[in-house]
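**Q** Here you go, coords_32.cif (mmCIF, C-alpha atoms):
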```cif
data_my_file
#
loop_
_atom_site.group_PDB
_atom_site.id
_atom_site.type_symbol
_atom_site.label_atom_id
_atom_site.label_comp_id
_atom_site.auth_asym_id
_atom_site.auth_seq_id
_atom_site.Cartn_x
_atom_site.Cartn_y
_atom_site.Cartn_z
ATOM 1 C CA MET A 1 157.609 166.528 135.130
ATOM 2 C CA ARG A 2 159.856 164.139 137.033
ATOM 3 C CA GLN A 3 161.224 167.014 139.118
ATOM 4 C CA PHE A 4 157.690 168.174 139.876
ATOM 5 C CA LEU A 5 156.720 164.706 141.098
ATOM 6 C CA GLN A 6 159.825 164.556 143.294
ATOM 7 C CA ILE A 7 158.969 167.918 144.847
ATOM 8 C CA LEU A 8 155.360 166.778 145.368
ATOM 9 C CA VAL A 9 156.461 163.567 147.096
ATOM 10 C CA LEU A 10 158.897 165.458 149.326
ATOM 11 C CA THR A 11 156.190 167.969 150.246
ATOM 12 C CA VAL A 12 153.734 165.210 151.150
ATOM 13 C CA LEU A 13 156.358 163.421 153.216
ATOM 14 C CA ALA A 14 157.227 166.658 154.988
ATOM 15 C CA HIS A 15 153.594 167.245 155.900
ATOM 16 C CA MET A 16 153.309 163.645 157.081
ATOM 17 C CA GLY A 17 156.383 164.154 159.225
ATOM 18 C CA VAL A 18 154.927 167.295 160.801
ATOM 19 C CA ALA A 19 151.603 165.551 161.437
ATOM 20 C CA HIS A 20 153.401 162.573 162.961
ATOM 21 C CA ALA A 21 155.469 164.818 165.198
ATOM 22 C CA GLN A 22 152.353 166.712 166.307
ATOM 23 C CA ALA A 23 150.576 163.434 167.037
ATOM 24 C CA ASN A 24 153.525 162.178 169.083
ATOM 25 C CA LYS A 25 153.446 165.164 171.407
ATOM 26 C CA TYR A 26 149.638 165.220 171.607
ATOM 27 C CA PRO A 27 148.238 166.377 173.927
ATOM 28 C CA ASP A 28 150.368 169.210 175.239
ATOM 29 C CA LYS A 29 147.453 171.376 176.399
ATOM 30 C CA PRO A 30 143.900 170.871 177.733
ATOM 31 C CA ILE A 31 141.284 169.288 175.464
ATOM 32 C CA THR A 32 137.806 170.759 175.071
ATOM 33 C CA LEU A 33 134.932 168.286 175.161
ATOM 34 C CA VAL A 34 131.915 170.040 173.653
ATOM 35 C CA ILE A 35 128.502 169.081 175.001
ATOM 36 C CA PRO A 36 125.717 170.499 172.814
ATOM 37 C CA PHE A 37 123.243 170.651 175.694
ATOM 38 C CA ALA A 38 122.741 172.542 178.939
ATOM 39 C CA VAL A 39 124.642 172.086 182.186
ATOM 40 C CA GLY A 40 122.924 169.540 184.407
ATOM 41 C CA GLY A 41 121.333 167.611 181.561
ATOM 42 C CA PRO A 42 121.955 163.871 181.128
ATOM 43 C CA THR A 43 124.603 164.189 178.395
ATOM 44 C CA ASP A 44 126.391 166.794 180.496
ATOM 45 C CA VAL A 45 126.313 164.397 183.473
ATOM 46 C CA VAL A 46 127.941 161.676 181.379
ATOM 47 C CA ALA A 47 130.588 164.052 180.034
ATOM 48 C CA ARG A 48 131.645 165.309 183.442
ATOM 49 C CA MET A 49 131.690 161.741 184.719
ATOM 50 C CA ILE A 50 134.176 160.514 182.107
ATOM 51 C CA SER A 51 136.206 163.695 181.586
ATOM 52 C CA ILE A 52 138.364 163.178 184.692
ATOM 53 C CA PRO A 53 139.532 159.620 183.935
ATOM 54 C CA MET A 54 139.993 160.550 180.265
ATOM 55 C CA GLY A 55 142.212 163.427 181.345
ATOM 56 C CA LYS A 56 144.151 161.078 183.575
ATOM 57 C CA SER A 57 144.803 158.771 180.627
ATOM 58 C CA LEU A 58 145.797 161.618 178.306
ATOM 59 C CA GLY A 59 147.914 163.486 180.832
ATOM 60 C CA GLN A 60 145.967 166.698 180.231
ATOM 61 C CA SER A 61 142.697 168.127 181.527
ATOM 62 C CA VAL A 62 139.547 167.420 179.528
ATOM 63 C CA VAL A 63 137.417 170.548 179.916
ATOM 64 C CA VAL A 64 133.670 170.300 179.341
ATOM 65 C CA GLU A 65 132.172 173.171 177.352
ATOM 66 C CA ASN A 66 128.397 173.469 176.944
ATOM 67 C CA VAL A 67 127.419 174.906 173.556
ATOM 68 C CA ILE A 68 123.635 174.805 173.583
ATOM 69 C CA GLY A 69 120.842 175.437 171.128
ATOM 70 C CA ALA A 70 118.955 174.059 168.118
ATOM 71 C CA GLY A 71 118.658 170.513 169.423
ATOM 72 C CA GLY A 72 122.406 170.055 169.723
ATOM 73 C CA THR A 73 123.243 171.188 166.192
ATOM 74 C CA ILE A 74 125.052 174.381 167.234
ATOM 75 C CA GLY A 75 127.559 172.491 169.349
ATOM 76 C CA ALA A 76 127.987 169.768 166.731
ATOM 77 C CA ASN A 77 128.586 172.369 164.021
ATOM 78 C CA LYS A 78 131.223 174.065 166.174
ATOM 79 C CA VAL A 79 133.187 170.832 166.414
ATOM 80 C CA ALA A 80 132.716 170.045 162.716
ATOM 81 C CA LYS A 81 134.305 173.402 161.866
ATOM 82 C CA ALA A 82 137.056 173.232 164.523
ATOM 83 C CA THR A 83 140.739 172.718 163.740
ATOM 84 C CA PRO A 84 141.259 168.956 163.319
ATOM 85 C CA ASN A 85 144.022 168.577 165.891
ATOM 86 C CA GLY A 86 142.298 166.632 168.676
ATOM 87 C CA TYR A 87 141.870 169.587 171.014
ATOM 88 C CA THR A 88 138.145 170.011 170.276
ATOM 89 C CA ILE A 89 135.980 166.887 170.409
ATOM 90 C CA LEU A 90 132.262 166.213 170.730
ATOM 91 C CA LEU A 91 130.062 164.031 172.904
ATOM 92 C CA HIS A 92 126.594 163.828 171.374
ATOM 93 C CA HIS A 93 123.632 161.518 171.730
ATOM 94 C CA MET A 94 121.281 160.048 169.134
ATOM 95 C CA GLY A 95 120.473 163.588 167.982
ATOM 96 C CA MET A 96 123.297 163.119 165.496
ATOM 97 C CA SER A 97 121.092 160.590 163.703
ATOM 98 C CA THR A 98 117.874 162.628 163.774
ATOM 99 C CA ALA A 99 119.284 166.029 162.788
ATOM 100 C CA PRO A 100 119.424 165.282 159.024
ATOM 101 C CA SER A 101 115.663 164.600 158.994
ATOM 102 C CA LEU A 102 114.666 167.360 161.403
ATOM 103 C CA TYR A 103 116.630 170.308 160.055
ATOM 104 C CA ASN A 104 116.138 171.646 156.546
ATOM 105 C CA LYS A 105 119.305 173.748 156.729
ATOM 106 C CA LEU A 106 121.881 171.685 158.573
ATOM 107 C CA ASN A 107 125.372 173.205 158.502
ATOM 108 C CA PHE A 108 127.136 169.863 158.823
ATOM 109 C CA ASP A 109 126.792 166.277 157.650
ATOM 110 C CA PRO A 110 127.090 163.677 160.439
ATOM 111 C CA LEU A 111 128.369 161.118 157.920
ATOM 112 C CA THR A 112 131.081 163.197 156.228
ATOM 113 C CA ASP A 113 132.161 166.048 158.530
ATOM 114 C CA PHE A 114 133.477 164.030 161.487
ATOM 115 C CA GLU A 115 135.986 161.427 162.471
ATOM 116 C CA TYR A 116 134.465 158.756 164.709
ATOM 117 C CA ILE A 117 136.010 157.845 168.058
ATOM 118 C CA GLY A 118 133.497 155.363 169.454
ATOM 119 C CA GLN A 119 130.175 154.771 171.167
ATOM 120 C CA VAL A 120 130.121 155.741 174.816
ATOM 121 C CA LEU A 121 126.995 154.337 176.465
ATOM 122 C CA ASP A 122 123.299 153.559 176.062
ATOM 123 C CA VAL A 123 120.775 155.163 178.393
ATOM 124 C CA PRO A 124 117.106 154.231 178.949
ATOM 125 C CA MET A 125 114.479 156.894 179.528
ATOM 126 C CA THR A 126 111.674 157.382 182.006
ATOM 127 C CA LEU A 127 108.288 159.076 181.750
ATOM 128 C CA LEU A 128 107.907 161.460 184.688
ATOM 129 C CA ALA A 129 105.397 163.945 186.047
ATOM 130 C CA ARG A 130 105.378 166.596 188.738
ATOM 131 C CA LYS A 131 105.091 165.251 192.261
ATOM 132 C CA ASP A 132 101.544 166.485 192.885
ATOM 133 C CA ILE A 133 99.904 165.427 189.623
ATOM 134 C CA PRO A 134 96.598 163.648 190.470
ATOM 135 C CA ALA A 135 97.494 160.287 188.898
ATOM 136 C CA ASN A 136 99.265 157.234 190.286
ATOM 137 C CA ASN A 137 99.692 154.950 187.275
ATOM 138 C CA LEU A 138 99.926 155.280 183.505
ATOM 139 C CA GLN A 139 96.232 154.728 182.822
ATOM 140 C CA GLU A 140 95.288 157.389 185.366
ATOM 141 C CA LEU A 141 97.848 159.737 183.831
ATOM 142 C CA ILE A 142 96.436 159.210 180.332
ATOM 143 C CA ALA A 143 92.902 159.805 181.647
ATOM 144 C CA TYR A 144 94.056 163.002 183.363
ATOM 145 C CA ILE A 145 95.749 164.207 180.174
ATOM 146 C CA LYS A 146 92.665 163.555 178.059
ATOM 147 C CA ALA A 147 90.434 165.361 180.555
ATOM 148 C CA ASN A 148 92.771 168.362 180.690
ATOM 149 C CA GLU A 149 94.252 168.363 177.187
ATOM 150 C CA GLN A 150 94.389 172.155 176.866
ATOM 151 C CA LYS A 151 96.022 172.610 180.269
ATOM 152 C CA VAL A 152 98.591 169.809 180.485
ATOM 153 C CA SER A 153 102.160 170.757 179.543
ATOM 154 C CA LEU A 154 104.893 168.462 178.248
ATOM 155 C CA ALA A 155 108.424 169.798 178.706
ATOM 156 C CA ASP A 156 111.336 168.872 176.453
ATOM 157 C CA ALA A 157 114.814 170.083 175.505
ATOM 158 C CA GLY A 158 113.755 171.456 172.127
ATOM 159 C CA LEU A 159 113.243 170.109 168.629
ATOM 160 C CA GLY A 160 115.505 167.157 167.931
ATOM 161 C CA ALA A 161 116.410 166.464 171.541
ATOM 162 C CA VAL A 162 115.782 162.941 172.793
ATOM 163 C CA SER A 163 113.181 164.198 175.247
ATOM 164 C CA ASN A 164 111.387 165.770 172.280
ATOM 165 C CA LEU A 165 111.455 162.522 170.273
ATOM 166 C CA CYS A 166 110.273 160.525 173.271
ATOM 167 C CA GLY A 167 107.490 163.057 173.807
ATOM 168 C CA LEU A 168 106.430 162.769 170.167
ATOM 169 C CA MET A 169 106.184 158.998 170.510
ATOM 170 C CA PHE A 170 104.183 159.309 173.736
ATOM 171 C CA LYS A 171 101.709 161.789 172.244
ATOM 172 C CA SER A 172 101.281 159.582 169.190
ATOM 173 C CA ALA A 173 100.811 156.465 171.353
ATOM 174 C CA ILE A 174 98.008 157.990 173.440
ATOM 175 C CA GLY A 175 96.468 159.986 170.591
ATOM 176 C CA VAL A 176 96.542 163.347 172.371
ATOM 177 C CA ASN A 177 98.360 166.474 171.210
ATOM 178 C CA ILE A 178 99.660 167.841 174.524
ATOM 179 C CA ASN A 179 100.985 171.387 174.704
ATOM 180 C CA THR A 180 104.785 171.167 174.401
ATOM 181 C CA ILE A 181 107.133 173.618 176.124
ATOM 182 C CA PRO A 182 110.701 173.557 174.743
ATOM 183 C CA TYR A 183 113.688 174.343 176.967
ATOM 184 C CA LYS A 184 117.383 174.761 176.263
ATOM 185 C CA GLY A 185 118.223 171.397 177.752
ATOM 186 C CA THR A 186 116.530 168.946 180.100
ATOM 187 C CA GLY A 187 118.387 170.434 183.075
ATOM 188 C CA PRO A 188 116.212 173.585 183.036
ATOM 189 C CA ALA A 189 113.163 171.507 182.090
ATOM 190 C CA MET A 190 113.702 169.248 185.092
ATOM 191 C CA ASN A 191 114.040 172.246 187.394
ATOM 192 C CA ASP A 192 110.603 173.453 186.300
ATOM 193 C CA LEU A 193 109.123 169.960 186.643
ATOM 194 C CA LEU A 194 110.432 169.818 190.213
ATOM 195 C CA GLY A 195 108.973 173.261 190.824
ATOM 196 C CA GLY A 196 105.582 172.283 189.410
ATOM 197 C CA GLN A 197 105.691 174.744 186.489
ATOM 198 C CA VAL A 198 105.286 171.924 183.933
ATOM 199 C CA ASP A 199 103.458 168.612 184.157
ATOM 200 C CA ILE A 200 105.315 165.899 182.235
ATOM 201 C CA LEU A 201 108.847 165.179 181.035
ATOM 202 C CA CYS A 202 110.550 162.240 179.349
ATOM 203 C CA ASP A 203 114.184 162.107 180.454
ATOM 204 C CA GLN A 204 117.220 159.832 180.676
ATOM 205 C CA THR A 205 117.955 157.661 183.706
ATOM 206 C CA THR A 206 121.334 159.364 184.209
ATOM 207 C CA GLN A 207 119.323 162.283 185.517
ATOM 208 C CA THR A 208 116.108 160.733 186.765
ATOM 209 C CA VAL A 209 117.014 157.667 188.852
ATOM 210 C CA PRO A 210 118.192 159.672 191.901
ATOM 211 C CA LEU A 211 115.096 161.896 191.731
ATOM 212 C CA ILE A 212 112.800 158.881 191.473
ATOM 213 C CA LYS A 213 114.468 157.155 194.409
ATOM 214 C CA ASP A 214 114.233 160.365 196.461
ATOM 215 C CA ASN A 215 110.498 160.536 195.658
ATOM 216 C CA ARG A 216 110.845 164.033 194.185
ATOM 217 C CA VAL A 217 108.922 163.175 191.004
ATOM 218 C CA LYS A 218 106.297 160.649 189.961
ATOM 219 C CA VAL A 219 107.430 157.993 187.499
ATOM 220 C CA PHE A 220 104.949 156.327 185.161
ATOM 221 C CA GLY A 221 107.137 153.933 183.213
ATOM 222 C CA VAL A 222 110.463 153.179 181.563
ATOM 223 C CA THR A 223 110.899 153.299 177.794
ATOM 224 C CA THR A 224 112.737 149.988 177.341
ATOM 225 C CA PRO A 225 111.176 146.574 176.576
ATOM 226 C CA LYS A 226 112.391 145.206 179.926
ATOM 227 C CA ARG A 227 112.320 146.663 183.430
ATOM 228 C CA LEU A 228 115.501 148.259 184.732
ATOM 229 C CA GLU A 229 117.692 146.811 187.444
ATOM 230 C CA ALA A 230 117.922 150.199 189.149
ATOM 231 C CA LEU A 231 114.108 150.619 189.082
ATOM 232 C CA PRO A 232 112.716 147.073 189.410
ATOM 233 C CA ASN A 233 109.288 148.221 190.618
ATOM 234 C CA VAL A 234 108.720 150.619 187.727
ATOM 235 C CA PRO A 235 106.826 148.913 184.866
ATOM 236 C CA THR A 236 107.671 149.495 181.217
ATOM 237 C CA LEU A 237 105.360 151.570 179.042
ATOM 238 C CA ASP A 238 105.059 148.541 176.779
ATOM 239 C CA GLU A 239 103.727 146.255 179.507
ATOM 240 C CA GLN A 240 101.232 148.948 180.503
ATOM 241 C CA GLY A 241 99.643 148.997 177.071
ATOM 242 C CA LEU A 242 101.829 151.231 174.886
ATOM 243 C CA LYS A 243 103.001 148.300 172.771
ATOM 244 C CA GLY A 244 106.318 148.654 170.993
ATOM 245 C CA PHE A 245 107.337 151.757 172.939
ATOM 246 C CA ASP A 246 111.139 151.513 172.899
ATOM 247 C CA VAL A 247 113.464 154.504 173.214
ATOM 248 C CA LYS A 248 117.027 154.041 174.385
ATOM 249 C CA VAL A 249 119.524 156.860 174.052
ATOM 250 C CA TRP A 250 122.961 156.092 172.646
ATOM 251 C CA HIS A 251 125.959 158.424 172.844
ATOM 252 C CA GLY A 252 128.992 158.765 170.626
ATOM 253 C CA MET A 253 132.268 160.690 170.619
ATOM 254 C CA TYR A 254 133.452 162.561 167.528
ATOM 255 C CA ALA A 255 136.318 164.734 166.264
ATOM 256 C CA PRO A 256 136.544 167.118 163.286
ATOM 257 C CA LYS A 257 137.165 165.530 159.902
ATOM 258 C CA GLY A 258 140.870 165.265 159.207
ATOM 259 C CA THR A 259 142.004 164.716 162.788
ATOM 260 C CA PRO A 260 145.170 162.560 162.547
ATOM 261 C CA ALA A 261 144.669 158.831 163.113
ATOM 262 C CA PRO A 262 147.306 158.618 165.906
ATOM 263 C CA VAL A 263 145.467 161.381 167.790
ATOM 264 C CA LEU A 264 142.129 159.604 167.377
ATOM 265 C CA LYS A 265 143.716 156.430 168.698
ATOM 266 C CA LYS A 266 144.912 158.230 171.847
ATOM 267 C CA ILE A 267 141.449 159.688 172.451
ATOM 268 C CA ASN A 268 139.845 156.280 171.931
ATOM 269 C CA THR A 269 142.303 154.740 174.388
ATOM 270 C CA ALA A 270 141.384 157.435 176.927
ATOM 271 C CA LEU A 271 137.674 156.776 176.370
ATOM 272 C CA ARG A 272 138.150 153.050 176.954
ATOM 273 C CA PHE A 273 140.216 153.798 180.053
ATOM 274 C CA ALA A 274 137.390 155.951 181.441
ATOM 275 C CA MET A 275 134.683 153.395 180.688
ATOM 276 C CA ALA A 276 136.737 150.662 182.386
ATOM 277 C CA ASP A 277 137.157 152.683 185.579
ATOM 278 C CA PRO A 278 135.449 150.680 188.382
ATOM 279 C CA THR A 279 133.864 153.761 189.932
ATOM 280 C CA ILE A 280 132.466 154.907 186.585
ATOM 281 C CA LYS A 281 131.179 151.423 185.760
ATOM 282 C CA GLN A 282 129.367 151.123 189.079
ATOM 283 C CA ARG A 283 127.844 154.571 188.788
ATOM 284 C CA LEU A 284 126.579 153.769 185.306
ATOM 285 C CA VAL A 285 125.064 150.517 186.576
ATOM 286 C CA ASP A 286 123.345 152.481 189.340
ATOM 287 C CA LEU A 287 121.880 154.786 186.686
ATOM 288 C CA SER A 288 120.760 151.860 184.487
ATOM 289 C CA SER A 289 123.161 152.836 181.712
ATOM 290 C CA ASP A 290 124.803 150.217 179.527
ATOM 291 C CA ILE A 291 128.443 150.332 178.435
ATOM 292 C CA PRO A 292 128.701 149.268 174.774
ATOM 293 C CA ALA A 293 130.492 146.101 173.714
ATOM 294 C CA ALA A 294 134.158 146.505 172.785
ATOM 295 C CA ASN A 295 133.458 146.335 169.046
ATOM 296 C CA LYS A 296 131.027 149.267 169.348
ATOM 297 C CA MET A 297 133.482 151.444 171.243
ATOM 298 C CA THR A 298 135.409 151.927 167.997
ATOM 299 C CA ALA A 299 135.304 154.267 165.009
ATOM 300 C CA ASP A 300 133.776 151.576 162.792
ATOM 301 C CA GLY A 301 131.267 150.620 165.447
ATOM 302 C CA LEU A 302 130.035 154.196 165.852
ATOM 303 C CA ARG A 303 129.990 154.849 162.095
ATOM 304 C CA GLU A 304 127.843 151.808 161.347
ATOM 305 C CA HIS A 305 125.489 152.484 164.256
ATOM 306 C CA LEU A 306 125.016 156.102 163.155
ATOM 307 C CA LYS A 307 124.073 154.985 159.637
ATOM 308 C CA LEU A 308 121.531 152.503 161.001
ATOM 309 C CA GLU A 309 119.984 155.117 163.314
ATOM 310 C CA ILE A 310 119.693 157.710 160.525
ATOM 311 C CA ASN A 311 117.780 155.154 158.469
ATOM 312 C CA LYS A 312 115.613 154.239 161.481
ATOM 313 C CA TRP A 313 114.571 157.716 162.594
ATOM 314 C CA GLY A 314 114.177 159.370 159.195
ATOM 315 C CA PRO A 315 110.827 157.731 158.350
ATOM 316 C CA ILE A 316 109.501 158.220 161.897
ATOM 317 C CA ILE A 317 110.264 161.954 161.863
ATOM 318 C CA ARG A 318 108.879 162.466 158.361
ATOM 319 C CA LYS A 319 105.667 160.649 159.349
ATOM 320 C CA ALA A 320 105.300 162.930 162.402
ATOM 321 C CA GLY A 321 105.643 165.944 160.114
ATOM 322 C CA VAL A 322 108.072 167.850 162.359
ATOM 323 C CA SER A 323 110.947 169.908 161.018
ATOM 324 C CA ALA A 324 112.929 173.093 161.599
ATOM 325 C CA ASP A 325 114.128 175.756 159.184
#
```
Please render this file's structure as structure tokens.

**A**
Amino acid sequence: MRQFLQILVLTVLAHMGVAHAQANKYPDKPITLVIPFAVGGPTDVVARMISIPMGKSLGQSVVVENVIGAGGTIGANKVAKATPNGYTILLHHMGMSTAPSLYNKLNFDPLTDFEYIGQVLDVPMTLLARKDIPANNLQELIAYIKANEQKVSLADAGLGAVSNLCGLMFKSAIGVNINTIPYKGTGPAMNDLLGGQVDILCDQTTQTVPLIKDNRVKVFGVTTPKRLEALPNVPTLDEQGLKGFDVKVWHGMYAPKGTPAPVLKKINTALRFAMADPTIKQRLVDLSSDIPAANKMTADGLREHLKLEINKWGPIIRKAGVSAD
């Protein structure tokens, strides 16, 4: 028995030594940052923004890979099942907190199948419409929707996407069941809004602020309790009568369960380096995005926030009666 225990201890120490050695040389090849949404969407914009400074900190390229479908769950599942060596990581938004309530057959558990790296940023949303819609304020838009309920189309990025959740809240707030058209990401949805193929879209400021300022879309309100610095003349939905309307998108970075702690620390350091970059910080300010406090840009900060958000959105989704097989 004693000999067995000695062999067991030596084996464990050997594995620890290998893991430590691997962590010391990490990274020695490019890292894949999986984005579970389409190219051109707001989460993709954020990823490509921070991937370059992260790569600079790590000494290796951080390559963005878009793995789309099923409200972000396909990409998240890919990372959950990836080798836990730090070479495949995930940037996901609040969809990580809504997936357990939305999907009856989820192939991963956000609370047990990942290591947490840290929160990345918070992003407000805006309610938009095609440029030529015959309405100029929220009340006119609601009147137009009610008069054309069977014709008006609301685009979103599919079940579970933030645009979908925001759309659900908007439909509930105005009491009208608008026809919803799901896309594989808000990038394609925005293209059709710009082209006039769909009428309305709720999307993040990382994508919409430049379009609003260029007068390419009509904006009918922001989804936060206070007006945004980047859009001071755009009223909130709350102040226009949709009381309590508050949707702000948070993002987090994850790695597969079992990724060595020293590797996670290096990725977290790279994330902090990217978020402290003056150019990145100014661009995020311009897009009305908020960089989280230092204590939230940690594994514990992200873990606790995810738990709170799962508890927040679960009852809302169940009340709306939406789910996927």

**Q** List the neighbours of Pro84 in chain A out to 6 Å using all atoms listed in the file; skip same-chain residues closer than 6 positions along the sequence, and give me the result as JSON, numbers by chain.

**A** {"A": [256, 258, 259]}

**Q** Suppose you want the space between CA of Ala129 in chain A and CA of Met94 in chain A; what is it in Å?

**A**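 Result for CA of Ala129 in chain A versus CA of Met94 in chain A: 23.5 Å, one decimal.
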
**Q** Which residues are close to Ser163 in chain A, i.e. within 9 Å by all atoms listed in the file, leaving aside same-chain residues fewer than 5 positions away? Reply as a list in words.

**A** Met125, Ala155, Asp156, Ala157, Gly158, Leu168, Thr186, Leu201, Cys202, Asp203 and Gln204 of chain A

**Q** For Val62 in chain A, which residue among A:Ala324, A:Val219, A:Ala270, A:Ile133 is the nearest when counting all atoms listed in the file?

**A**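 Result for the nearest residue to Val62 in chain A: A:Ala270.
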
**Q** Taking only C-alpha atoms into account, which of A:Ala189, A:Ile212, A:Ile50, A:Met96 comes nearest Val234 in chain A?

**A**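 Selected residue with least distance to Val234 in chain A: A:Ile212.
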
**Q** Enumerate, as a PyMOL selection string, the protein, DNA and RNA residues whose atoms approach (110.8, 147.1, 169.5) to within 12 Å, taking into account all atoms listed in the file and the coordinate frame of the file.

**A** chain A and resi 223-226+237-238+242-248+312

**Q** Counting all atoms listed in the file, figure out which residue out of A:His93, A:Gln207, A:Ala173, A:Gly59 gets nearest to Pro188 in chain A.

**A**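 Ranking A:His93, A:Gln207, A:Ala173, A:Gly59 by distance to Pro188 in chain A, first place goes to A:Gln207.
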
**Q** Kindly assemble as CSV a list of the range 195-271 of chain A residues that lie within 12 Å of range 115-121 of chain A, each paired with its nearest atom pair and their distance in Å to one decimal, using only C-alpha atoms, sorted first by chain and then by ascending residue number.

**A**
```
residue,atom,partner,partner_atom,distance
A:Gln204,CA,A:Leu121,CA,12.0
A:Thr206,CA,A:Leu121,CA,10.8
A:Lys248,CA,A:Leu121,CA,10.2
A:Val249,CA,A:Leu121,CA,8.2
A:Trp250,CA,A:Leu121,CA,5.8
A:His251,CA,A:Val120,CA,5.3
A:Gly252,CA,A:Gln119,CA,4.2
A:Met253,CA,A:Ile117,CA,5.4
A:Tyr254,CA,A:Tyr116,CA,4.8
A:Ala255,CA,A:Glu115,CA,5.0
A:Pro256,CA,A:Glu115,CA,5.8
A:Lys257,CA,A:Glu115,CA,5.0
A:Gly258,CA,A:Glu115,CA,7.0
A:Thr259,CA,A:Glu115,CA,6.9
A:Pro260,CA,A:Glu115,CA,9.3
A:Ala261,CA,A:Glu115,CA,9.1
A:Pro262,CA,A:Ile117,CA,11.5
A:Val263,CA,A:Ile117,CA,10.1
A:Leu264,CA,A:Ile117,CA,6.4
A:Lys265,CA,A:Ile117,CA,7.9
A:Lys266,CA,A:Ile117,CA,9.7
A:Ile267,CA,A:Ile117,CA,7.2
A:Asn268,CA,A:Ile117,CA,5.7
A:Thr269,CA,A:Ile117,CA,9.5
A:Ala270,CA,A:Ile117,CA,10.4
A:Leu271,CA,A:Val120,CA,7.8
```

**Q** Write the residues you've just listed into a file as a PDB file, keeping the file's coordinate frame, and include C-alpha atoms for each of them.

**A**
```pdb
ATOM      1  CA  GLN A 204     117.220 159.832 180.676  1.00  0.00           C
ATOM      2  CA  THR A 206     121.334 159.364 184.209  1.00  0.00           C
ATOM      3  CA  LYS A 248     117.027 154.041 174.385  1.00  0.00           C
ATOM      4  CA  VAL A 249     119.524 156.860 174.052  1.00  0.00           C
ATOM      5  CA  TRP A 250     122.961 156.092 172.646  1.00  0.00           C
ATOM      6  CA  HIS A 251     125.959 158.424 172.844  1.00  0.00           C
ATOM      7  CA  GLY A 252     128.992 158.765 170.626  1.00  0.00           C
ATOM      8  CA  MET A 253     132.268 160.690 170.619  1.00  0.00           C
ATOM      9  CA  TYR A 254     133.452 162.561 167.528  1.00  0.00           C
ATOM     10  CA  ALA A 255     136.318 164.734 166.264  1.00  0.00           C
ATOM     11  CA  PRO A 256     136.544 167.118 163.286  1.00  0.00           C
ATOM     12  CA  LYS A 257     137.165 165.530 159.902  1.00  0.00           C
ATOM     13  CA  GLY A 258     140.870 165.265 159.207  1.00  0.00           C
ATOM     14  CA  THR A 259     142.004 164.716 162.788  1.00  0.00           C
ATOM     15  CA  PRO A 260     145.170 162.560 162.547  1.00  0.00           C
ATOM     16  CA  ALA A 261     144.669 158.831 163.113  1.00  0.00           C
ATOM     17  CA  PRO A 262     147.306 158.618 165.906  1.00  0.00           C
ATOM     18  CA  VAL A 263     145.467 161.381 167.790  1.00  0.00           C
ATOM     19  CA  LEU A 264     142.129 159.604 167.377  1.00  0.00           C
ATOM     20  CA  LYS A 265     143.716 156.430 168.698  1.00  0.00           C
ATOM     21  CA  LYS A 266     144.912 158.230 171.847  1.00  0.00           C
ATOM     22  CA  ILE A 267     141.449 159.688 172.451  1.00  0.00           C
ATOM     23  CA  ASN A 268     139.845 156.280 171.931  1.00  0.00           C
ATOM     24  CA  THR A 269     142.303 154.740 174.388  1.00  0.00           C
ATOM     25  CA  ALA A 270     141.384 157.435 176.927  1.00  0.00           C
ATOM     26  CA  LEU A 271     137.674 156.776 176.370  1.00  0.00           C
TER      27      LEU A 271
END
```

**Q** Rank nothing, just name the residue among A:Lys105, A:Lys281, A:Lys171, A:Lys307 nearest to Ala320 in chain A, using all atoms listed in the file.

**A** A:Lys171

**Q** Using only C-alpha atoms, pick whichever of A:Val123, A:Leu194, A:Ala276, A:Ile316 has the shortest atom-to-atom distance to Val222 in chain A.

**A** A:Val123

**Q** Using the chain letters and numbering of this document, enumerate as a list in words the residues selected by the PyMOL selection byres ((chain A and resi 176) around 8).

**A**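 Given this file, the PyMOL selection byres ((chain A and resi 176) around 8) evaluates to Ile145, Lys146, Glu149, Lys171, Ser172, Ile174, Gly175, Asn177 and Ile178 of chain A.
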
**Q** Suppose you want the space between CA of Ser51 in chain A and CA of Lys296 in chain A; what is it in Å?

**A**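 Between CA of Ser51 in chain A and CA of Lys296 in chain A the gap works out to 19.6 Å.
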
**Q** Could you tell me how far CA of Val79 in chain A lies from CA of Ile291 in chain A, in Å and to one decimal?

**A**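 Computing the Euclidean distance for CA of Val79 in chain A and CA of Ile291 in chain A yields 24.2 Å.
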
**Q** Let me know the residues the PyMOL selection byres ((chain A and resi 280) around 12) catches in the file above, as a PyMOL selection string.

**A** chain A and resi 45-54+121+271-279+281-287+289-291

**Q** Using all atoms listed in the file, find the one residue out of A:Asn85, A:Leu111, A:Thr43, A:Pro27 that sits nearest to Leu308 in chain A.

**A**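 Among A:Asn85, A:Leu111, A:Thr43, A:Pro27, it is A:Leu111 that comes nearest to Leu308 in chain A.
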
**Q** What do you get, as a list of chain:residue names, if you spell out every residue that the PyMOL selection byres ((chain A and resi 151) around 12) selects here?

**A**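 When the PyMOL selection byres ((chain A and resi 151) around 12) is applied, the selected residues are A:Tyr144, A:Ile145, A:Lys146, A:Ala147, A:Asn148, A:Glu149, A:Gln150, A:Val152, A:Ser153, A:Leu154, A:Asn177, A:Ile178, A:Asn179, A:Thr180, A:Ile181, A:Gln197, A:Val198, A:Asp199, A:Ile200.
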
**Q** At a cut-off of 10 Å, using all atoms listed in the file, what residues contact Ile68 in chain A? Leave out same-chain residues fewer than 5 positions from it and give the result as a compact mmCIF listing (two decimals) with C-alpha atoms, keeping the file's coordinate frame.

**A**
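Wrote it out as selection-v2.txt, contents follow:
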```
# COMPACT_ATOMS: atom_id res chain seq x y z
CA VAL A 34 131.92 170.04 173.65
CA ILE A 35 128.50 169.08 175.00
CA PRO A 36 125.72 170.50 172.81
CA PHE A 37 123.24 170.65 175.69
CA ALA A 38 122.74 172.54 178.94
CA VAL A 39 124.64 172.09 182.19
CA THR A 73 123.24 171.19 166.19
CA ILE A 74 125.05 174.38 167.23
CA GLY A 75 127.56 172.49 169.35
CA ALA A 76 127.99 169.77 166.73
CA LYS A 184 117.38 174.76 176.26
CA GLY A 185 118.22 171.40 177.75
```
